[in-house]
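Enquirer: Okay, so here is my_file.json, and as you'll see once you scroll down, it has JSON, C-alpha atoms.
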```json
[["chain", "number", "residue", "atom", "x", "y", "z"],
["A", 2, "MET", "CA", 14.43, -9.32, 5.76],
["A", 3, "SER", "CA", 13.48, -12.39, 7.72],
["A", 4, "GLY", "CA", 14.27, -11.55, 11.29],
["A", 5, "THR", "CA", 12.61, -11.12, 14.66],
["A", 6, "PRO", "CA", 9.07, -9.73, 15.03],
["A", 7, "ALA", "CA", 10.46, -6.72, 16.90],
["A", 8, "ALA", "CA", 12.91, -5.94, 14.11],
["A", 9, "ALA", "CA", 10.15, -6.24, 11.52],
["A", 10, "THR", "CA", 7.88, -3.93, 13.51],
["A", 11, "ASP", "CA", 10.62, -1.30, 13.62],
["A", 12, "LEU", "CA", 10.71, -1.30, 9.80],
["A", 13, "LEU", "CA", 6.96, -0.69, 9.49],
["A", 14, "ARG", "CA", 7.20, 3.08, 9.16],
["A", 15, "GLY", "CA", 7.53, 5.84, 6.62],
["A", 16, "VAL", "CA", 6.56, 5.18, 3.01],
["A", 17, "MET", "CA", 5.44, 1.57, 2.50],
["A", 18, "PRO", "CA", 4.23, 1.14, -1.09],
["A", 19, "VAL", "CA", 1.65, -1.40, -2.22],
["A", 20, "LEU", "CA", 3.08, -3.23, -5.22],
["A", 21, "GLU", "CA", 1.18, -3.39, -8.49],
["A", 22, "VAL", "CA", 1.13, -6.48, -10.70],
["A", 23, "PRO", "CA", 2.43, -6.06, -14.25],
["A", 24, "PHE", "CA", 0.67, -7.98, -17.00],
["A", 25, "THR", "CA", 1.46, -8.44, -20.65],
["A", 26, "ALA", "CA", -0.84, -6.90, -23.25],
["A", 27, "ARG", "CA", -2.68, -10.26, -23.31],
["A", 28, "GLY", "CA", -3.20, -10.23, -19.56],
["A", 29, "ASP", "CA", -0.57, -12.80, -18.57],
["A", 30, "LEU", "CA", 1.73, -12.20, -15.60],
["A", 31, "ASP", "CA", 4.88, -10.31, -16.55],
["A", 32, "LEU", "CA", 7.33, -11.74, -14.03],
["A", 33, "ASP", "CA", 10.38, -9.88, -15.33],
["A", 34, "SER", "CA", 8.56, -6.56, -14.98],
["A", 35, "PHE", "CA", 7.43, -7.51, -11.48],
["A", 36, "ASP", "CA", 11.00, -8.22, -10.40],
["A", 37, "ARG", "CA", 12.20, -4.99, -11.98],
["A", 38, "LEU", "CA", 9.45, -3.01, -10.28],
["A", 39, "VAL", "CA", 10.22, -4.51, -6.86],
["A", 40, "ARG", "CA", 13.93, -3.74, -7.22],
["A", 41, "HIS", "CA", 13.15, -0.16, -8.22],
["A", 42, "VAL", "CA", 10.85, 0.41, -5.26],
["A", 43, "LEU", "CA", 13.38, -1.06, -2.83],
["A", 44, "ASP", "CA", 16.06, 1.19, -4.30],
["A", 45, "THR", "CA", 14.06, 4.29, -3.36],
["A", 46, "GLY", "CA", 14.96, 3.63, 0.27],
["A", 47, "VAL", "CA", 11.64, 2.36, 1.62],
["A", 48, "THR", "CA", 11.76, 0.13, 4.67],
["A", 49, "ALA", "CA", 8.65, -1.96, 3.87],
["A", 50, "VAL", "CA", 6.49, -2.98, 0.92],
["A", 51, "MET", "CA", 3.09, -4.67, 0.81],
["A", 52, "PHE", "CA", 1.58, -7.24, -1.54],
["A", 53, "PRO", "CA", -1.12, -7.92, -2.62],
["A", 54, "GLY", "CA", -3.51, -4.99, -2.09],
["A", 55, "PHE", "CA", -6.21, -3.23, -4.07],
["A", 56, "ALA", "CA", -3.41, -1.63, -6.10],
["A", 57, "SER", "CA", -2.19, -5.15, -6.92],
["A", 58, "GLU", "CA", -5.57, -6.13, -8.40],
["A", 59, "PHE", "CA", -5.57, -8.99, -5.90],
["A", 60, "HIS", "CA", -9.19, -9.76, -6.75],
["A", 61, "LYS", "CA", -8.13, -10.53, -10.34],
["A", 62, "LEU", "CA", -5.35, -12.97, -9.43],
["A", 63, "SER", "CA", -5.62, -16.72, -9.08],
["A", 64, "ASP", "CA", -4.36, -18.38, -5.90],
["A", 65, "ALA", "CA", -1.43, -19.81, -7.85],
["A", 66, "GLU", "CA", -0.53, -16.37, -9.22],
["A", 67, "ARG", "CA", -0.67, -14.80, -5.76],
["A", 68, "ASP", "CA", 1.60, -17.55, -4.40],
["A", 69, "LEU", "CA", 4.04, -17.20, -7.29],
["A", 70, "LEU", "CA", 4.34, -13.43, -6.97],
["A", 71, "THR", "CA", 4.58, -13.58, -3.17],
["A", 72, "GLY", "CA", 7.43, -16.06, -3.50],
["A", 73, "ARG", "CA", 9.29, -13.83, -5.95],
["A", 74, "LEU", "CA", 8.83, -10.84, -3.64],
["A", 75, "LEU", "CA", 10.17, -12.76, -0.64],
["A", 76, "ASP", "CA", 13.14, -13.96, -2.71],
["A", 77, "LEU", "CA", 14.03, -10.30, -3.25],
["A", 78, "THR", "CA", 13.46, -9.11, 0.32],
["A", 79, "THR", "CA", 14.82, -11.90, 2.54],
["A", 80, "ALA", "CA", 18.37, -10.87, 1.69],
["A", 81, "ARG", "CA", 17.62, -7.26, 2.66],
["A", 82, "PRO", "CA", 17.81, -6.69, 6.44],
["A", 83, "ASP", "CA", 16.64, -3.11, 5.85],
["A", 84, "VAL", "CA", 13.29, -4.03, 4.27],
["A", 85, "ALA", "CA", 10.20, -5.79, 5.64],
["A", 86, "ALA", "CA", 7.86, -7.69, 3.32],
["A", 87, "VAL", "CA", 4.22, -7.33, 4.34],
["A", 88, "VAL", "CA", 1.98, -10.00, 2.82],
["A", 89, "SER", "CA", -1.69, -9.10, 2.70],
["A", 90, "VAL", "CA", -4.44, -11.60, 3.47],
["A", 91, "PRO", "CA", -7.73, -10.51, 1.87],
["A", 92, "ASP", "CA", -9.36, -13.96, 1.90],
["A", 93, "HIS", "CA", -12.98, -13.84, 3.03],
["A", 94, "ALA", "CA", -13.29, -17.27, 4.64],
["A", 95, "THR", "CA", -11.65, -17.42, 8.05],
["A", 96, "ARG", "CA", -10.21, -20.88, 7.43],
["A", 97, "LEU", "CA", -8.61, -19.75, 4.16],
["A", 98, "ALA", "CA", -7.31, -16.52, 5.71],
["A", 99, "VAL", "CA", -5.64, -18.47, 8.50],
["A", 100, "GLU", "CA", -4.08, -20.89, 6.02],
["A", 101, "ARG", "CA", -2.90, -18.05, 3.77],
["A", 102, "ALA", "CA", -1.45, -16.01, 6.63],
["A", 103, "THR", "CA", 0.32, -19.00, 8.16],
["A", 104, "ALA", "CA", 1.79, -20.03, 4.81],
["A", 105, "ALA", "CA", 3.03, -16.48, 4.19],
["A", 106, "VAL", "CA", 4.83, -16.36, 7.54],
["A", 107, "GLU", "CA", 6.36, -19.80, 6.97],
["A", 108, "ALA", "CA", 7.58, -18.61, 3.56],
["A", 109, "GLY", "CA", 9.36, -15.63, 5.11],
["A", 110, "ALA", "CA", 6.85, -12.77, 5.33],
["A", 111, "ASP", "CA", 7.91, -10.28, 7.98],
["A", 112, "ALA", "CA", 4.38, -9.02, 8.67],
["A", 113, "VAL", "CA", 0.79, -9.70, 7.68],
["A", 114, "ASN", "CA", -1.74, -7.16, 6.46],
["A", 115, "LEU", "CA", -5.27, -8.31, 7.30],
["A", 116, "LEU", "CA", -8.20, -7.08, 5.20],
["A", 117, "PRO", "CA", -11.33, -7.97, 7.22],
["A", 118, "PRO", "CA", -14.08, -10.01, 5.52],
["A", 119, "HIS", "CA", -16.83, -7.88, 4.04],
["A", 120, "PHE", "CA", -18.65, -9.71, 1.23],
["A", 121, "LEU", "CA", -22.41, -9.95, 2.01],
["A", 122, "GLY", "CA", -21.97, -7.95, 5.22],
["A", 123, "PRO", "CA", -20.86, -10.45, 7.88],
["A", 124, "PRO", "CA", -21.90, -9.60, 11.48],
["A", 125, "ALA", "CA", -19.44, -7.60, 13.56],
["A", 126, "ALA", "CA", -18.91, -10.57, 15.88],
["A", 127, "GLU", "CA", -17.86, -12.72, 12.92],
["A", 128, "VAL", "CA", -15.44, -10.06, 11.66],
["A", 129, "HIS", "CA", -13.90, -9.94, 15.15],
["A", 130, "ARG", "CA", -13.70, -13.75, 15.20],
["A", 131, "HIS", "CA", -11.97, -13.70, 11.81],
["A", 132, "ALA", "CA", -9.37, -11.14, 12.95],
["A", 133, "THR", "CA", -8.79, -13.03, 16.19],
["A", 134, "ALA", "CA", -8.20, -16.30, 14.36],
["A", 135, "VAL", "CA", -5.57, -14.79, 12.05],
["A", 136, "LEU", "CA", -3.84, -12.88, 14.85],
["A", 137, "THR", "CA", -3.65, -16.04, 16.95],
["A", 138, "ALA", "CA", -2.41, -18.20, 14.07],
["A", 139, "VAL", "CA", 0.55, -15.99, 13.13],
["A", 140, "ALA", "CA", 1.59, -14.72, 16.59],
["A", 141, "PRO", "CA", 4.09, -13.24, 17.32],
["A", 142, "THR", "CA", 4.42, -12.03, 13.70],
["A", 143, "PRO", "CA", 3.25, -8.39, 13.51],
["A", 144, "VAL", "CA", -0.14, -7.77, 11.91],
["A", 145, "ILE", "CA", -1.54, -4.60, 10.33],
["A", 146, "LEU", "CA", -5.33, -4.39, 10.18],
["A", 147, "GLN", "CA", -6.59, -2.61, 7.08],
["A", 148, "TYR", "CA", -9.55, -0.37, 7.88],
["A", 149, "ALA", "CA", -11.21, 0.59, 4.59],
["A", 150, "PRO", "CA", -14.95, 0.95, 5.25],
["A", 151, "ALA", "CA", -15.72, 2.59, 1.89],
["A", 152, "GLN", "CA", -14.32, -0.42, 0.05],
["A", 153, "THR", "CA", -15.33, -3.16, 2.51],
["A", 154, "GLY", "CA", -18.20, -1.90, 4.63],
["A", 155, "SER", "CA", -16.44, -3.20, 7.77],
["A", 156, "SER", "CA", -16.52, -0.72, 10.64],
["A", 157, "PHE", "CA", -14.35, -0.51, 13.75],
["A", 158, "THR", "CA", -14.06, 1.94, 16.61],
["A", 159, "ALA", "CA", -10.73, 2.94, 18.12],
["A", 160, "ASP", "CA", -11.77, 1.32, 21.42],
["A", 161, "ALA", "CA", -12.62, -1.96, 19.70],
["A", 162, "LEU", "CA", -9.26, -2.03, 17.94],
["A", 163, "ARG", "CA", -7.42, -1.30, 21.18],
["A", 164, "ARG", "CA", -9.28, -4.12, 22.93],
["A", 165, "LEU", "CA", -8.27, -6.43, 20.09],
["A", 166, "ALA", "CA", -4.65, -5.30, 20.45],
["A", 167, "ALA", "CA", -4.77, -5.79, 24.21],
["A", 168, "ASP", "CA", -5.69, -9.43, 23.66],
["A", 169, "HIS", "CA", -3.31, -9.84, 20.71],
["A", 170, "PRO", "CA", -0.12, -7.77, 21.08],
["A", 171, "ASN", "CA", 0.98, -8.70, 17.56],
["A", 172, "LEU", "CA", -1.70, -6.31, 16.23],
["A", 173, "VAL", "CA", 0.79, -3.47, 15.90],
["A", 174, "ALA", "CA", -0.86, -1.00, 13.54],
["A", 175, "VAL", "CA", -3.95, 0.00, 11.56],
["A", 176, "LYS", "CA", -3.95, 1.10, 7.93],
["A", 177, "ILE", "CA", -6.62, 3.79, 7.82],
["A", 178, "GLU", "CA", -8.52, 4.40, 4.59],
["A", 179, "THR", "CA", -11.49, 6.42, 5.72],
["A", 180, "ALA", "CA", -12.64, 10.01, 6.15],
["A", 181, "LEU", "CA", -10.63, 12.05, 8.68],
["A", 182, "PRO", "CA", -7.87, 9.45, 9.06],
["A", 183, "GLY", "CA", -5.70, 11.81, 11.09],
["A", 184, "ARG", "CA", -8.31, 12.12, 13.82],
["A", 185, "PHE", "CA", -8.78, 8.35, 13.91],
["A", 186, "ALA", "CA", -5.00, 7.93, 14.15],
["A", 187, "GLU", "CA", -4.89, 10.25, 17.16],
["A", 188, "ASP", "CA", -7.69, 8.26, 18.80],
["A", 189, "LEU", "CA", -5.77, 5.01, 18.27],
["A", 190, "ALA", "CA", -2.58, 6.48, 19.72],
["A", 191, "ALA", "CA", -4.25, 8.07, 22.74],
["A", 192, "GLY", "CA", -5.42, 4.98, 24.60],
["A", 193, "ALA", "CA", -3.83, 1.87, 26.04],
["A", 194, "PRO", "CA", -2.44, 0.01, 24.33],
["A", 195, "ALA", "CA", -1.51, 2.71, 21.86],
["A", 196, "LEU", "CA", -1.79, 1.64, 18.24],
["A", 197, "ARG", "CA", 0.33, 2.92, 15.38],
["A", 198, "SER", "CA", -1.40, 4.17, 12.23],
["A", 199, "PHE", "CA", -0.63, 4.27, 8.54],
["A", 200, "ILE", "CA", -2.63, 6.30, 6.05],
["A", 201, "GLY", "CA", -3.69, 4.74, 2.77],
["A", 202, "TYR", "CA", -5.96, 6.19, 0.10],
["A", 203, "ALA", "CA", -2.94, 7.24, -2.00],
["A", 204, "GLY", "CA", -1.84, 9.61, 0.74],
["A", 205, "LEU", "CA", -4.51, 12.16, -0.16],
["A", 206, "GLN", "CA", -4.78, 13.19, 3.52],
["A", 207, "LEU", "CA", -1.05, 12.80, 4.21],
["A", 208, "ALA", "CA", -0.54, 16.44, 5.23],
["A", 209, "ASP", "CA", -3.06, 16.18, 8.05],
["A", 210, "GLY", "CA", -1.67, 12.81, 9.00],
["A", 211, "LEU", "CA", 1.85, 14.20, 9.32],
["A", 212, "ARG", "CA", 0.62, 17.01, 11.56],
["A", 213, "ARG", "CA", -1.05, 14.41, 13.78],
["A", 214, "GLY", "CA", 1.96, 12.11, 14.04],
["A", 215, "ILE", "CA", 1.10, 9.12, 11.84],
["A", 216, "ASP", "CA", 3.74, 6.42, 11.54],
["A", 217, "GLY", "CA", 3.56, 5.86, 7.79],
["A", 218, "VAL", "CA", 1.77, 6.06, 4.47],
["A", 219, "GLN", "CA", 0.87, 3.17, 2.15],
["A", 220, "PRO", "CA", 0.28, 4.47, -1.38],
["A", 221, "GLY", "CA", 0.73, 2.75, -4.74],
["A", 222, "CYS", "CA", 4.23, 2.26, -6.09],
["A", 223, "SER", "CA", 4.52, 4.11, -9.42],
["A", 224, "PHE", "CA", 5.84, 7.37, -7.97],
["A", 225, "THR", "CA", 7.24, 6.30, -4.61],
["A", 226, "GLU", "CA", 9.96, 8.95, -4.83],
["A", 227, "ILE", "CA", 7.45, 11.78, -4.36],
["A", 228, "TYR", "CA", 6.11, 10.31, -1.13],
["A", 229, "GLN", "CA", 9.66, 9.63, 0.03],
["A", 230, "GLN", "CA", 10.59, 13.26, -0.60],
["A", 231, "ILE", "CA", 7.57, 14.53, 1.32],
["A", 232, "TRP", "CA", 8.34, 12.21, 4.24],
["A", 233, "ARG", "CA", 12.04, 13.15, 4.32],
["A", 234, "LEU", "CA", 11.37, 16.88, 4.14],
["A", 235, "TRP", "CA", 8.87, 16.72, 7.00],
["A", 236, "HIS", "CA", 11.06, 14.64, 9.28],
["A", 237, "ASP", "CA", 14.17, 16.63, 8.43],
["A", 238, "GLY", "CA", 12.40, 19.73, 9.74],
["A", 239, "ASP", "CA", 11.49, 21.44, 6.45],
["A", 240, "ARG", "CA", 7.78, 21.13, 6.99],
["A", 241, "THR", "CA", 6.90, 24.03, 4.69],
["A", 242, "ALA", "CA", 8.58, 22.35, 1.74],
["A", 243, "ALA", "CA", 6.96, 19.02, 2.60],
["A", 244, "LEU", "CA", 3.50, 20.56, 2.67],
["A", 245, "GLN", "CA", 4.15, 22.46, -0.56],
["A", 246, "LEU", "CA", 5.16, 19.28, -2.36],
["A", 247, "HIS", "CA", 2.10, 17.46, -1.04],
["A", 248, "ALA", "CA", -0.14, 20.37, -2.07],
["A", 249, "GLN", "CA", 1.31, 20.08, -5.57],
["A", 250, "LEU", "CA", 0.36, 16.40, -5.61],
["A", 251, "VAL", "CA", -3.17, 16.76, -4.21],
["A", 252, "PRO", "CA", -5.00, 17.98, -7.37],
["A", 253, "HIS", "CA", -3.82, 14.89, -9.24],
["A", 254, "LEU", "CA", -4.78, 12.52, -6.41],
["A", 255, "ALA", "CA", -8.14, 14.20, -5.90],
["A", 256, "TYR", "CA", -9.15, 13.33, -9.47],
["A", 257, "TRP", "CA", -7.57, 9.88, -9.64],
["A", 258, "MET", "CA", -8.99, 8.70, -6.31],
["A", 259, "GLN", "CA", -12.60, 9.18, -7.42],
["A", 260, "GLU", "CA", -12.53, 5.51, -8.48],
["A", 261, "VAL", "CA", -10.26, 2.73, -7.28],
["A", 262, "GLU", "CA", -9.96, 1.28, -10.79],
["A", 263, "LEU", "CA", -8.99, 4.73, -12.09],
["A", 264, "ILE", "CA", -6.02, 5.18, -9.75],
["A", 265, "ILE", "CA", -4.90, 1.60, -10.51],
["A", 266, "MET", "CA", -4.93, 2.30, -14.25],
["A", 267, "VAL", "CA", -3.21, 5.67, -13.83],
["A", 268, "GLU", "CA", -0.45, 4.19, -11.69],
["A", 269, "LYS", "CA", 0.20, 1.49, -14.27],
["A", 270, "VAL", "CA", 0.40, 4.03, -17.08],
["A", 271, "ILE", "CA", 2.87, 6.05, -15.00],
["A", 272, "SER", "CA", 4.94, 2.93, -14.27],
["A", 273, "ALA", "CA", 5.01, 2.03, -17.96],
["A", 274, "ARG", "CA", 5.95, 5.57, -19.01],
["A", 275, "ARG", "CA", 8.80, 5.46, -16.50],
["A", 276, "GLY", "CA", 10.02, 2.08, -17.74],
["A", 277, "LEU", "CA", 9.31, 0.32, -14.46],
["A", 278, "ILE", "CA", 7.03, -2.16, -16.23],
["A", 279, "ASP", "CA", 6.60, -3.02, -19.90],
["A", 280, "ASP", "CA", 2.84, -2.67, -20.33],
["A", 281, "PRO", "CA", 0.08, -0.83, -18.39],
["A", 282, "HIS", "CA", -2.51, -3.56, -18.95],
["A", 283, "CYS", "CA", -5.14, -4.04, -16.25],
["A", 284, "ARG", "CA", -7.18, -7.21, -16.25],
["A", 285, "HIS", "CA", -10.81, -6.73, -17.20],
["A", 286, "PRO", "CA", -13.11, -5.44, -15.96],
["A", 287, "ALA", "CA", -10.95, -2.33, -15.83],
["A", 288, "ARG", "CA", -11.18, 1.43, -16.14],
["A", 289, "SER", "CA", -9.68, 2.82, -19.36],
["A", 290, "LEU", "CA", -8.28, 6.36, -19.57],
["A", 291, "ASP", "CA", -9.65, 8.89, -22.02],
["A", 292, "ALA", "CA", -7.54, 11.45, -23.88],
["A", 293, "ARG", "CA", -7.84, 14.12, -21.18],
["A", 294, "GLU", "CA", -6.82, 11.65, -18.49],
["A", 295, "ILE", "CA", -3.80, 10.59, -20.52],
["A", 296, "ASP", "CA", -2.90, 14.28, -20.89],
["A", 297, "GLY", "CA", -3.20, 14.55, -17.12],
["A", 298, "VAL", "CA", -0.66, 11.76, -16.67],
["A", 299, "ASP", "CA", 1.71, 13.52, -19.06],
["A", 300, "ARG", "CA", 1.35, 16.79, -17.15],
["A", 301, "PHE", "CA", 1.99, 14.96, -13.88],
["A", 302, "LEU", "CA", 5.20, 13.38, -15.19],
["A", 303, "ALA", "CA", 6.45, 16.73, -16.52],
["A", 304, "GLU", "CA", 5.53, 18.53, -13.30],
["A", 305, "PHE", "CA", 7.37, 16.07, -11.07],
["A", 306, "ASP", "CA", 10.20, 15.24, -13.46],
["A", 307, "VAL", "CA", 12.99, 16.41, -11.16],
["A", 308, "VAL", "CA", 11.75, 14.34, -8.20],
["A", 309, "LEU", "CA", 11.15, 11.25, -10.31],
["A", 310, "ARG", "CA", 14.34, 11.45, -12.32],
["A", 311, "PRO", "CA", 17.01, 8.91, -11.29],
["A", 312, "GLN", "CA", 19.43, 10.36, -8.74],
["A", 313, "HIS", "CA", 22.40, 10.18, -11.09],
["A", 314, "ASP", "CA", 20.51, 12.26, -13.70],
["A", 315, "ARG", "CA", 19.52, 15.12, -11.39],
["A", 316, "SER", "CA", 22.81, 16.97, -11.50],
["A", 317, "GLY", "CA", 21.86, 18.41, -14.87],
["A", 318, "SER", "CA", 18.50, 19.73, -13.68]]
```
How would this structure read if it were set down as structure tokens?

Expert:
Amino acid sequence: MSGTPAAATDLLRGVMPVLEVPFTARGDLDLDSFDRLVRHVLDTGVTAVMFPGFASEFHKLSDAERDLLTGRLLDLTTARPDVAAVVSVPDHATRLAVERATAAVEAGADAVNLLPPHFLGPPAAEVHRHATAVLTAVAPTPVILQYAPAQTGSSFTADALRRLAADHPNLVAVKIETALPGRFAEDLAAGAPALRSFIGYAGLQLADGLRRGIDGVQPGCSFTEIYQQIWRLWHDGDRTAALQLHAQLVPHLAYWMQEVELIIMVEKVISARRGLIDDPHCRHPARSLDAREIDGVDRFLAEFDVVLRPQHDRSGS
């Protein structure tokens, strides 16, 4: 979509996948696969998607490649009033982050995801200054702050985030990728202003998050249908079935999430096996899968075949 900030904020809920970047076997961008992947994810009924994130291998993309892919994403979402495009800004320098965020909004991004600077451990005051600069530059466009201390080393308290939101009302949510995310989400929602929370980390702690009233989950995009099914079951009142489906997923996630590069590679193999992209190539340095891990992907696809099968093929299941 490309509408009002309030309308965009309303769409930031439920399952909001982080898009991966397809490459050819030689490591070049595969633009046709990217377009096909985006269309597939949108067709699952999600109301928001994010790009680029860790799952997008953003740290392995040139600025020109990021701009090109962001433009193609926005071309596919601006005509969809039911979908918000969230453009992530992981740039470490405040000046560059402001420029990138402003350019994204001018190009049609409905929201900005802000990954705080972390390289070489900047002081907390500088991280706050960075966030403030981006929030101010893109206001009133909604901003999601990505809290991933294990990956970035940046640390925030719920009170500090609420104070930031009090000064900048366009800080509408926090993506939590830390231990005990459900408890942190409750802390964020309890004060004034209340902040919405999304769980990342492939939704490994989604069950606890659902019990504690999170607003959404931001996993990768290769098996979006499973997350959508869990979310629908829970909010349709069949919480037992939702928790059972999540429990079925957890053993796979628990292994894959031991390394970020591992889950990225696994998701790409799954996407390629499903025909969503042509090749599972990850740019080097990357984590290759051994024979047992490939077998694990095959077991996963067989185990969740009915959920992942296209809707028009399920009647024969």

Enquirer: Which residue, A:Ala94, A:Ala174, A:Leu62, A:Leu77, has the smallest gap to Arg37 in chain A when you use all atoms listed in the file?

Expert: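 Closest to Arg37 in chain A of all the choices is A:Leu77.
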
Enquirer: Can I get the residues of range 190-263 of chain A within 12 Å of range 295-301 of chain A, each with the closest pair of atoms and their distance in Å to one decimal, using all atoms listed in the file, sorted chain first then ascending number, as CSV?

Expert:
```
residue,atom,partner,partner_atom,distance
A:Ser223,CA,A:Val298,CA,11.7
A:Phe224,CA,A:Phe301,CA,10.4
A:Ile227,CA,A:Phe301,CA,11.4
A:Gln249,CA,A:Phe301,CA,9.8
A:Leu250,CA,A:Phe301,CA,8.6
A:Val251,CA,A:Phe301,CA,11.1
A:Pro252,CA,A:Phe301,CA,10.0
A:His253,CA,A:Phe301,CA,7.4
A:Leu254,CA,A:Phe301,CA,10.4
A:Tyr256,CA,A:Gly297,CA,9.8
A:Trp257,CA,A:Gly297,CA,9.8
A:Leu263,CA,A:Ile295,CA,11.5
```

Enquirer: For the atom pair CA of Gly201 in chain A and CA of Thr103 in chain A, what is the interatomic distance in Å to one decimal place?

Expert: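 A separation of 24.7 Å between them.
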
Enquirer: Given all atoms listed in the file as the basis, pick out the residue of A:Asp237, A:Pro286, A:Pro6, A:Arg40 nearest to Pro170 in chain A.

Expert: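 Closest candidate: A:Pro6.
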
Enquirer: Residues at most 8 Å from range 95-102 of chain A, counting all atoms listed in the file, excluding those fewer than 2 positions away in the same chain, as a ChimeraX atom specification?

Expert: /A:88-93,104-106,113,131,134-135,138-139

Enquirer: Hey, can you check how far CA of Val307 in chain A sits from CA of Glu226 in chain A?

Expert: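 Between CA of Val307 in chain A and CA of Glu226 in chain A the gap works out to 10.2 Å.
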
Enquirer: Counting all atoms listed in the file, figure out which residue out of A:Ile200, A:Ala292, A:Ala9, A:Val175 gets nearest to Thr142 in chain A.

Expert: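 Among the listed residues, the smallest separation from Thr142 in chain A belongs to A:Ala9.
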
Enquirer: Between CA of Met51 in chain A and CA of Val19 in chain A, what distance in Å does the model show, to one decimal?

Expert: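 Computing the Euclidean distance for CA of Met51 in chain A and CA of Val19 in chain A yields 4.7 Å.
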
Enquirer: Ranking A:Leu309, A:Met258, A:Ala80, A:Ala149 by minimum distance to His119 in chain A and counting all atoms listed in the file, which one comes first?

Expert: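 Of the candidates, the smallest distance to His119 in chain A is held by A:Ala149.
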
Enquirer: As a list of chain:residue names, please: the residues near Ser3 in chain A (cut-off 7 Å, only C-alpha atoms, same-chain neighbours under 2 positions excluded).

Expert: A:Thr79, A:Gly109, A:Asp111

Enquirer: Specify the axis-aligned box that encloses all atoms of range 220-226 of chain A listed in the file after padding of 5 Å on each side, stating its centre and edge lengths in Å to one decimal as lines of an AutoDock Vina configuration file.

Expert:
```
center_x = 5.1
center_y = 5.6
center_z = -5.4
size_x = 19.7
size_y = 16.7
size_z = 18.0
```

Enquirer: Find the residues near Arg184 in chain A: any atom within 9 Å, counting only C-alpha atoms, skip ones fewer than 4 places away on the same chain, and give them as a compact mmCIF listing (two decimals) with C-alpha atoms, in the frame of the given file.

Expert:
```
# COMPACT_ATOMS: atom_id res chain seq x y z
CA ASP A 188 -7.69 8.26 18.80
CA LEU A 189 -5.77 5.01 18.27
CA ASP A 209 -3.06 16.18 8.05
CA GLY A 210 -1.67 12.81 9.00
CA ARG A 213 -1.05 14.41 13.78
```

Enquirer: Counting all atoms listed in the file, figure out which residue out of A:Leu74, A:Pro117, A:Ala85, A:Arg164 gets nearest to Thr5 in chain A.

Expert: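 Of the candidates, the smallest distance to Thr5 in chain A is held by A:Ala85.
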
Enquirer: Which residues of range 45-144 of chain A sit at most 10 Å from range 276-285 of chain A, using all atoms listed in the file? Give each one's shortest atom pair and distance in Å (one decimal place), in chain and ascending residue order, as a tab-separated table.

Expert:
```
residue	atom	partner	partner_atom	distance
A:Ser57	CA	A:Cys283	CA	9.8
A:Glu58	CA	A:Arg284	CA	8.1
A:Lys61	CA	A:Arg284	CA	6.8
A:Leu62	CA	A:Arg284	CA	9.1
```

Enquirer: Write the residues you've just listed into a file as a PDB file, in the frame of the given file, and include C-alpha atoms for each of them.

Expert:
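Resulting contents of part04.pdb:
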```
ATOM      1  CA  SER A  57      -2.190  -5.150  -6.920  1.00  0.00           C
ATOM      2  CA  GLU A  58      -5.570  -6.130  -8.400  1.00  0.00           C
ATOM      3  CA  LYS A  61      -8.130 -10.530 -10.340  1.00  0.00           C
ATOM      4  CA  LEU A  62      -5.350 -12.970  -9.430  1.00  0.00           C
TER       5      LEU A  62
END
```

Enquirer: I'd like to know which of A:Leu136, A:Ala159, A:Ala287, A:Ala248 is closest to Met266 in chain A, using all atoms listed in the file.

Expert: A:Ala287

Enquirer: Excluding same-chain residues fewer than 5 positions from Glu66 in chain A, what lies within 12 Å of it counting only C-alpha atoms, as a PyMOL selection string?

Expert: chain A and resi 22-24+29-32+53+57-61+71-73

Enquirer: Excluding Asp160 in chain A and residues on its chain fewer than 3 positions from it, collect all residues at most 12 Å away from it, counting only C-alpha atoms, and give them as a PyMOL selection string.

Expert: chain A and resi 156-157+163-167+185-186+188-196
